[in-house]
>>> print(open('data-v9.pdb').read())   # PDB, C-alpha atoms
ATOM      1  CA  MET R  22      -6.256  -5.641 -25.419
ATOM      2  CA  ARG R  23      -9.319  -7.769 -26.213
ATOM      3  CA  ILE R  24      -8.350 -10.331 -23.563
ATOM      4  CA  ASN R  25      -7.883  -7.576 -20.959
ATOM      5  CA  VAL R  26     -11.354  -6.144 -21.579
ATOM      6  CA  SER R  27     -12.815  -9.655 -21.316
ATOM      7  CA  LEU R  28     -11.097 -10.061 -17.951
ATOM      8  CA  CYS R  29     -12.610  -6.761 -16.788
ATOM      9  CA  LEU R  30     -16.060  -8.137 -17.572
ATOM     10  CA  ILE R  31     -15.487 -10.933 -15.045
ATOM     11  CA  ASN R  32     -13.952  -8.506 -12.499
ATOM     12  CA  ARG R  33     -10.292  -9.425 -13.117
ATOM     13  CA  HIS R  34      -8.370  -6.193 -13.651
ATOM     14  CA  GLN R  35      -4.763  -5.184 -14.327
ATOM     15  CA  PRO R  36      -3.524  -2.116 -12.439
ATOM     16  CA  VAL R  37      -1.470   0.763 -13.804
ATOM     17  CA  ARG R  38       1.715  -0.132 -11.903
ATOM     18  CA  ASP R  39       2.950   3.461 -11.628
ATOM     19  CA  GLU R  40      -0.307   4.490  -9.891
ATOM     20  CA  VAL R  41      -0.459   1.745  -7.236
ATOM     21  CA  HIS R  42      -0.667   3.271  -3.753
ATOM     22  CA  TRP R  43      -1.392   2.192  -0.187
ATOM     23  CA  ASP R  44      -4.448   3.966   1.266
ATOM     24  CA  GLY R  45      -4.154   2.660   4.813
ATOM     25  CA  TRP R  46      -6.342  -0.418   4.224
ATOM     26  CA  GLY R  47      -4.951  -1.854   1.011
ATOM     27  CA  TYR R  48      -3.403  -1.227  -2.385
ATOM     28  CA  ARG R  49      -5.402   0.693  -4.984
ATOM     29  CA  SER R  50      -4.820   1.764  -8.575
ATOM     30  CA  THR R  51      -6.585   2.338 -11.887
ATOM     31  CA  CYS R  52      -7.288  -0.523 -14.284
ATOM     32  CA  ARG R  53      -5.150  -0.399 -17.449
ATOM     33  CA  SER R  54      -8.022  -1.616 -19.651
ATOM     34  CA  CYS R  55     -11.236  -0.079 -18.361
ATOM     35  CA  GLY R  56      -9.980   2.837 -16.220
ATOM     36  CA  LYS R  57     -11.976   1.887 -13.100
ATOM     37  CA  LEU R  58     -10.626   2.127  -9.562
ATOM     38  CA  VAL R  59      -9.331  -1.295  -8.487
ATOM     39  CA  GLN R  60      -8.006  -2.787  -5.260
ATOM     40  CA  ARG R  61      -5.692  -5.723  -4.649
ATOM     41  CA  GLU R  62      -7.336  -8.709  -2.972
ATOM     42  CA  SER R  63      -4.226 -10.893  -3.003
ATOM     43  CA  LYS R  64      -0.935 -11.025  -4.840
ATOM     44  CA  GLY R  65      -1.737 -10.747  -8.550
ATOM     45  CA  LEU R  66      -5.521 -10.518  -8.033
ATOM     46  CA  TRP R  67      -7.103  -7.112  -8.593
ATOM     47  CA  ARG R  68     -10.851  -6.446  -8.349
ATOM     48  CA  LYS R  69     -13.104  -3.407  -8.738
ATOM     49  CA  ALA R  70     -12.721  -1.229  -5.642
ATOM     50  CA  GLU R  71     -15.599  -0.641  -3.274
ATOM     51  CA  PRO R  72     -16.017   2.756  -1.595
ATOM     52  CA  ARG R  73     -14.573   2.826   1.903
ATOM     53  CA  GLN R  74     -16.123   4.480   4.914
ATOM     54  CA  PRO R  75     -13.884   5.948   7.606
ATOM     55  CA  PRO R  76     -14.041   4.061  10.908
ATOM     56  CA  GLU R  77     -16.646   5.375  13.299
ATOM     57  CA  THR R  78     -15.234   7.449  16.129
ATOM     58  CA  PRO R  79     -16.931   9.516  18.827
ATOM     59  CA  PHE R  80     -16.207  12.598  16.697
ATOM     60  CA  ASN R  81     -17.823  11.465  13.447
ATOM     61  CA  ARG R  82     -20.624   9.279  14.881
ATOM     62  CA  SER R  83     -24.049  10.097  13.445
ATOM     63  CA  SER R  84     -26.533  11.341  16.004
ATOM     64  CA  ASP R  85     -29.734   9.328  16.123
TER      65      ASP R  85
END
>>> encode(input="data-v9.pdb", output="structure tokens")
Amino acid sequence: MRINVSLCLINRHQPVRDEVHWDGWGYRSTCRSCGKLVQRESKGLWRKAEPRQPPETPFNRSSD
């Protein structure tokens, strides 16, 4: 457990395998050690997830 928390401090997370899901842009899960939302960058490499914005369309475009 101590090694896992140390990895979280340098943004290397381990996902809860049963919670991994595809959200349309990539795989996301919860970190087993710290409980934060994580996303897969490449096979075996999980990082803290950034919030995603929906793509801009004519229907949700902000009016300036």
>>> axis_aligned_box(input="data-v9.pdb", around="stretch 43-62 of chain R", padding_each_side="4 Å", output="JSON")
{"center_x": -6.7, "center_y": -2.4, "center_z": -7.4, "size_x": 18.6, "size_y": 20.7, "size_z": 32.5}
>>> atom_distance(input="data-v9.pdb", atom1="atom CA of R:Glu71", atom2="atom CA of R:Leu58")
8.5 Å
>>> resolve_selection(input="data-v9.pdb", expression="the PyMOL selection byres ((chain R and resi 38-45) around 12)", output="PDB file with C-alpha atoms, keeping the file's coordinate frame")
ATOM      1  CA  HIS R  34      -8.370  -6.193 -13.651  1.00  0.00           C
ATOM      2  CA  GLN R  35      -4.763  -5.184 -14.327  1.00  0.00           C
ATOM      3  CA  PRO R  36      -3.524  -2.116 -12.439  1.00  0.00           C
ATOM      4  CA  VAL R  37      -1.470   0.763 -13.804  1.00  0.00           C
ATOM      5  CA  TRP R  46      -6.342  -0.418   4.224  1.00  0.00           C
ATOM      6  CA  GLY R  47      -4.951  -1.854   1.011  1.00  0.00           C
ATOM      7  CA  TYR R  48      -3.403  -1.227  -2.385  1.00  0.00           C
ATOM      8  CA  ARG R  49      -5.402   0.693  -4.984  1.00  0.00           C
ATOM      9  CA  SER R  50      -4.820   1.764  -8.575  1.00  0.00           C
ATOM     10  CA  THR R  51      -6.585   2.338 -11.887  1.00  0.00           C
ATOM     11  CA  CYS R  52      -7.288  -0.523 -14.284  1.00  0.00           C
ATOM     12  CA  ARG R  53      -5.150  -0.399 -17.449  1.00  0.00           C
ATOM     13  CA  GLY R  56      -9.980   2.837 -16.220  1.00  0.00           C
ATOM     14  CA  LEU R  58     -10.626   2.127  -9.562  1.00  0.00           C
ATOM     15  CA  VAL R  59      -9.331  -1.295  -8.487  1.00  0.00           C
ATOM     16  CA  GLN R  60      -8.006  -2.787  -5.260  1.00  0.00           C
ATOM     17  CA  ARG R  61      -5.692  -5.723  -4.649  1.00  0.00           C
ATOM     18  CA  GLY R  65      -1.737 -10.747  -8.550  1.00  0.00           C
ATOM     19  CA  TRP R  67      -7.103  -7.112  -8.593  1.00  0.00           C
ATOM     20  CA  ALA R  70     -12.721  -1.229  -5.642  1.00  0.00           C
ATOM     21  CA  PRO R  72     -16.017   2.756  -1.595  1.00  0.00           C
ATOM     22  CA  ARG R  73     -14.573   2.826   1.903  1.00  0.00           C
ATOM     23  CA  PRO R  75     -13.884   5.948   7.606  1.00  0.00           C
ATOM     24  CA  PRO R  76     -14.041   4.061  10.908  1.00  0.00           C
TER      25      PRO R  76
END
>>> resolve_selection(input="data-v9.pdb", expression="the PyMOL selection byres ((chain R and resi 32) around 10)", output="ChimeraX atom specification")
/R:26-31,33-35,59,66-69
>>> decode(input="data-v9.pdb", residues="stretch 27-43 of chain R", atoms="all heavy atoms", output="PDB file, in the first residue's frame")
ATOM      1  N   SER R  27       2.769   6.268  -2.868  1.00  0.00           N
ATOM      2  CA  SER R  27       3.907   7.010  -3.401  1.00  0.00           C
ATOM      3  C   SER R  27       3.756   7.205  -4.897  1.00  0.00           C
ATOM      4  O   SER R  27       4.064   8.264  -5.431  1.00  0.00           O
ATOM      5  CB  SER R  27       5.212   6.277  -3.111  1.00  0.00           C
ATOM      6  OG  SER R  27       5.419   6.185  -1.732  1.00  0.00           O
ATOM      7  N   LEU R  28       3.259   6.186  -5.605  1.00  0.00           N
ATOM      8  CA  LEU R  28       3.039   6.324  -7.036  1.00  0.00           C
ATOM      9  C   LEU R  28       1.970   7.369  -7.325  1.00  0.00           C
ATOM     10  O   LEU R  28       2.073   8.113  -8.294  1.00  0.00           O
ATOM     11  CB  LEU R  28       2.663   4.973  -7.652  1.00  0.00           C
ATOM     12  CG  LEU R  28       3.780   3.937  -7.684  1.00  0.00           C
ATOM     13  CD1 LEU R  28       3.256   2.606  -8.206  1.00  0.00           C
ATOM     14  CD2 LEU R  28       4.937   4.416  -8.532  1.00  0.00           C
ATOM     15  N   CYS R  29       0.943   7.440  -6.499  1.00  0.00           N
ATOM     16  CA  CYS R  29      -0.102   8.454  -6.682  1.00  0.00           C
ATOM     17  C   CYS R  29       0.486   9.863  -6.579  1.00  0.00           C
ATOM     18  O   CYS R  29       0.056  10.760  -7.297  1.00  0.00           O
ATOM     19  CB  CYS R  29      -1.217   8.278  -5.660  1.00  0.00           C
ATOM     20  SG  CYS R  29      -2.177   6.769  -5.864  1.00  0.00           S
ATOM     21  N   LEU R  30       1.451  10.038  -5.714  1.00  0.00           N
ATOM     22  CA  LEU R  30       2.066  11.354  -5.545  1.00  0.00           C
ATOM     23  C   LEU R  30       2.795  11.819  -6.801  1.00  0.00           C
ATOM     24  O   LEU R  30       2.947  13.018  -7.023  1.00  0.00           O
ATOM     25  CB  LEU R  30       3.026  11.356  -4.353  1.00  0.00           C
ATOM     26  CG  LEU R  30       2.366  11.182  -2.988  1.00  0.00           C
ATOM     27  CD1 LEU R  30       3.425  11.051  -1.903  1.00  0.00           C
ATOM     28  CD2 LEU R  30       1.425  12.333  -2.692  1.00  0.00           C
ATOM     29  N   ILE R  31       3.245  10.880  -7.628  1.00  0.00           N
ATOM     30  CA  ILE R  31       3.900  11.255  -8.885  1.00  0.00           C
ATOM     31  C   ILE R  31       2.979  10.987 -10.077  1.00  0.00           C
ATOM     32  O   ILE R  31       3.428  10.814 -11.201  1.00  0.00           O
ATOM     33  CB  ILE R  31       5.262  10.542  -9.054  1.00  0.00           C
ATOM     34  CG1 ILE R  31       5.104   9.026  -9.032  1.00  0.00           C
ATOM     35  CG2 ILE R  31       6.251  11.016  -8.001  1.00  0.00           C
ATOM     36  CD1 ILE R  31       6.359   8.264  -9.417  1.00  0.00           C
ATOM     37  N   ASN R  32       1.666  10.937  -9.801  1.00  0.00           N
ATOM     38  CA  ASN R  32       0.621  10.803 -10.829  1.00  0.00           C
ATOM     39  C   ASN R  32       0.701   9.484 -11.593  1.00  0.00           C
ATOM     40  O   ASN R  32       0.511   9.446 -12.806  1.00  0.00           O
ATOM     41  CB  ASN R  32       0.640  12.000 -11.786  1.00  0.00           C
ATOM     42  CG  ASN R  32      -0.681  12.166 -12.502  1.00  0.00           C
ATOM     43  OD1 ASN R  32      -1.708  11.642 -12.071  1.00  0.00           O
ATOM     44  ND2 ASN R  32      -0.667  12.880 -13.607  1.00  0.00           N
ATOM     45  N   ARG R  33       1.003   8.405 -10.896  1.00  0.00           N
ATOM     46  CA  ARG R  33       0.960   7.048 -11.461  1.00  0.00           C
ATOM     47  C   ARG R  33      -0.052   6.272 -10.633  1.00  0.00           C
ATOM     48  O   ARG R  33       0.218   5.939  -9.485  1.00  0.00           O
ATOM     49  CB  ARG R  33       2.330   6.380 -11.384  1.00  0.00           C
ATOM     50  CG  ARG R  33       3.409   7.019 -12.203  1.00  0.00           C
ATOM     51  CD  ARG R  33       3.273   6.770 -13.698  1.00  0.00           C
ATOM     52  NE  ARG R  33       3.154   5.375 -14.057  1.00  0.00           N
ATOM     53  CZ  ARG R  33       4.142   4.601 -14.476  1.00  0.00           C
ATOM     54  NH1 ARG R  33       5.347   5.088 -14.581  1.00  0.00           N
ATOM     55  NH2 ARG R  33       3.921   3.362 -14.792  1.00  0.00           N
ATOM     56  N   HIS R  34      -1.210   6.014 -11.176  1.00  0.00           N
ATOM     57  CA  HIS R  34      -2.305   5.409 -10.426  1.00  0.00           C
ATOM     58  C   HIS R  34      -2.589   3.991 -10.886  1.00  0.00           C
ATOM     59  O   HIS R  34      -2.170   3.582 -11.972  1.00  0.00           O
ATOM     60  CB  HIS R  34      -3.562   6.259 -10.586  1.00  0.00           C
ATOM     61  CG  HIS R  34      -3.397   7.652 -10.081  1.00  0.00           C
ATOM     62  ND1 HIS R  34      -3.629   8.001  -8.776  1.00  0.00           N
ATOM     63  CD2 HIS R  34      -3.000   8.785 -10.708  1.00  0.00           C
ATOM     64  CE1 HIS R  34      -3.401   9.300  -8.615  1.00  0.00           C
ATOM     65  NE2 HIS R  34      -3.002   9.801  -9.778  1.00  0.00           N
ATOM     66  N   GLN R  35      -3.313   3.243 -10.047  1.00  0.00           N
ATOM     67  CA  GLN R  35      -3.757   1.891 -10.381  1.00  0.00           C
ATOM     68  C   GLN R  35      -5.279   1.874 -10.315  1.00  0.00           C
ATOM     69  O   GLN R  35      -5.858   2.166  -9.266  1.00  0.00           O
ATOM     70  CB  GLN R  35      -3.178   0.885  -9.397  1.00  0.00           C
ATOM     71  CG  GLN R  35      -1.670   0.779  -9.489  1.00  0.00           C
ATOM     72  CD  GLN R  35      -1.121  -0.247  -8.532  1.00  0.00           C
ATOM     73  OE1 GLN R  35      -1.747  -0.596  -7.550  1.00  0.00           O
ATOM     74  NE2 GLN R  35       0.065  -0.730  -8.824  1.00  0.00           N
ATOM     75  N   PRO R  36      -5.945   1.536 -11.421  1.00  0.00           N
ATOM     76  CA  PRO R  36      -7.403   1.595 -11.447  1.00  0.00           C
ATOM     77  C   PRO R  36      -8.056   0.423 -10.718  1.00  0.00           C
ATOM     78  O   PRO R  36      -7.462  -0.648 -10.572  1.00  0.00           O
ATOM     79  CB  PRO R  36      -7.719   1.515 -12.933  1.00  0.00           C
ATOM     80  CG  PRO R  36      -6.617   0.673 -13.486  1.00  0.00           C
ATOM     81  CD  PRO R  36      -5.401   1.088 -12.694  1.00  0.00           C
ATOM     82  N   VAL R  37      -9.293   0.645 -10.274  1.00  0.00           N
ATOM     83  CA  VAL R  37     -10.133  -0.452  -9.794  1.00  0.00           C
ATOM     84  C   VAL R  37     -10.627  -1.136 -11.057  1.00  0.00           C
ATOM     85  O   VAL R  37     -11.410  -0.563 -11.817  1.00  0.00           O
ATOM     86  CB  VAL R  37     -11.311   0.080  -8.950  1.00  0.00           C
ATOM     87  CG1 VAL R  37     -12.236  -1.063  -8.551  1.00  0.00           C
ATOM     88  CG2 VAL R  37     -10.806   0.843  -7.744  1.00  0.00           C
ATOM     89  N   ARG R  38     -10.151  -2.334 -11.332  1.00  0.00           N
ATOM     90  CA  ARG R  38     -10.418  -3.013 -12.608  1.00  0.00           C
ATOM     91  C   ARG R  38     -11.905  -3.220 -12.874  1.00  0.00           C
ATOM     92  O   ARG R  38     -12.349  -3.132 -14.014  1.00  0.00           O
ATOM     93  CB  ARG R  38      -9.697  -4.359 -12.656  1.00  0.00           C
ATOM     94  CG  ARG R  38      -8.203  -4.239 -12.566  1.00  0.00           C
ATOM     95  CD  ARG R  38      -7.612  -3.712 -13.843  1.00  0.00           C
ATOM     96  NE  ARG R  38      -6.159  -3.576 -13.701  1.00  0.00           N
ATOM     97  CZ  ARG R  38      -5.437  -2.812 -14.475  1.00  0.00           C
ATOM     98  NH1 ARG R  38      -5.989  -2.110 -15.427  1.00  0.00           N
ATOM     99  NH2 ARG R  38      -4.148  -2.720 -14.287  1.00  0.00           N
ATOM    100  N   ASP R  39     -12.676  -3.486 -11.841  1.00  0.00           N
ATOM    101  CA  ASP R  39     -14.114  -3.724 -12.028  1.00  0.00           C
ATOM    102  C   ASP R  39     -14.881  -2.454 -12.398  1.00  0.00           C
ATOM    103  O   ASP R  39     -16.024  -2.523 -12.841  1.00  0.00           O
ATOM    104  CB  ASP R  39     -14.736  -4.322 -10.764  1.00  0.00           C
ATOM    105  CG  ASP R  39     -14.230  -5.728 -10.480  1.00  0.00           C
ATOM    106  OD1 ASP R  39     -13.717  -6.374 -11.418  1.00  0.00           O
ATOM    107  OD2 ASP R  39     -14.360  -6.176  -9.330  1.00  0.00           O
ATOM    108  N   GLU R  40     -14.270  -1.282 -12.207  1.00  0.00           N
ATOM    109  CA  GLU R  40     -14.941  -0.011 -12.486  1.00  0.00           C
ATOM    110  C   GLU R  40     -14.482   0.640 -13.789  1.00  0.00           C
ATOM    111  O   GLU R  40     -14.970   1.720 -14.138  1.00  0.00           O
ATOM    112  CB  GLU R  40     -14.710   0.969 -11.339  1.00  0.00           C
ATOM    113  CG  GLU R  40     -15.352   0.554 -10.043  1.00  0.00           C
ATOM    114  CD  GLU R  40     -15.132   1.578  -8.947  1.00  0.00           C
ATOM    115  OE1 GLU R  40     -14.692   2.708  -9.238  1.00  0.00           O
ATOM    116  OE2 GLU R  40     -15.407   1.237  -7.784  1.00  0.00           O
ATOM    117  N   VAL R  41     -13.559   0.035 -14.506  1.00  0.00           N
ATOM    118  CA  VAL R  41     -13.053   0.623 -15.748  1.00  0.00           C
ATOM    119  C   VAL R  41     -14.190   0.676 -16.769  1.00  0.00           C
ATOM    120  O   VAL R  41     -14.911  -0.302 -16.964  1.00  0.00           O
ATOM    121  CB  VAL R  41     -11.860  -0.174 -16.313  1.00  0.00           C
ATOM    122  CG1 VAL R  41     -11.449   0.358 -17.673  1.00  0.00           C
ATOM    123  CG2 VAL R  41     -10.692  -0.129 -15.347  1.00  0.00           C
ATOM    124  N   HIS R  42     -14.368   1.853 -17.379  1.00  0.00           N
ATOM    125  CA  HIS R  42     -15.407   2.006 -18.403  1.00  0.00           C
ATOM    126  C   HIS R  42     -14.929   2.943 -19.505  1.00  0.00           C
ATOM    127  O   HIS R  42     -14.047   3.768 -19.297  1.00  0.00           O
ATOM    128  CB  HIS R  42     -16.709   2.522 -17.781  1.00  0.00           C
ATOM    129  CG  HIS R  42     -16.593   3.909 -17.230  1.00  0.00           C
ATOM    130  ND1 HIS R  42     -16.054   4.180 -15.993  1.00  0.00           N
ATOM    131  CD2 HIS R  42     -16.912   5.110 -17.767  1.00  0.00           C
ATOM    132  CE1 HIS R  42     -16.060   5.491 -15.791  1.00  0.00           C
ATOM    133  NE2 HIS R  42     -16.567   6.078 -16.840  1.00  0.00           N
ATOM    134  N   TRP R  43     -15.512   2.785 -20.671  1.00  0.00           N
ATOM    135  CA  TRP R  43     -15.231   3.629 -21.830  1.00  0.00           C
ATOM    136  C   TRP R  43     -16.237   4.766 -21.817  1.00  0.00           C
ATOM    137  O   TRP R  43     -17.442   4.540 -21.770  1.00  0.00           O
ATOM    138  CB  TRP R  43     -15.360   2.806 -23.110  1.00  0.00           C
ATOM    139  CG  TRP R  43     -15.183   3.594 -24.356  1.00  0.00           C
ATOM    140  CD1 TRP R  43     -16.172   4.061 -25.163  1.00  0.00           C
ATOM    141  CD2 TRP R  43     -13.959   4.013 -24.954  1.00  0.00           C
ATOM    142  NE1 TRP R  43     -15.644   4.740 -26.220  1.00  0.00           N
ATOM    143  CE2 TRP R  43     -14.273   4.734 -26.118  1.00  0.00           C
ATOM    144  CE3 TRP R  43     -12.622   3.849 -24.608  1.00  0.00           C
ATOM    145  CZ2 TRP R  43     -13.301   5.283 -26.945  1.00  0.00           C
ATOM    146  CZ3 TRP R  43     -11.666   4.408 -25.434  1.00  0.00           C
ATOM    147  CH2 TRP R  43     -12.006   5.111 -26.589  1.00  0.00           C
TER     148      TRP R  43
END
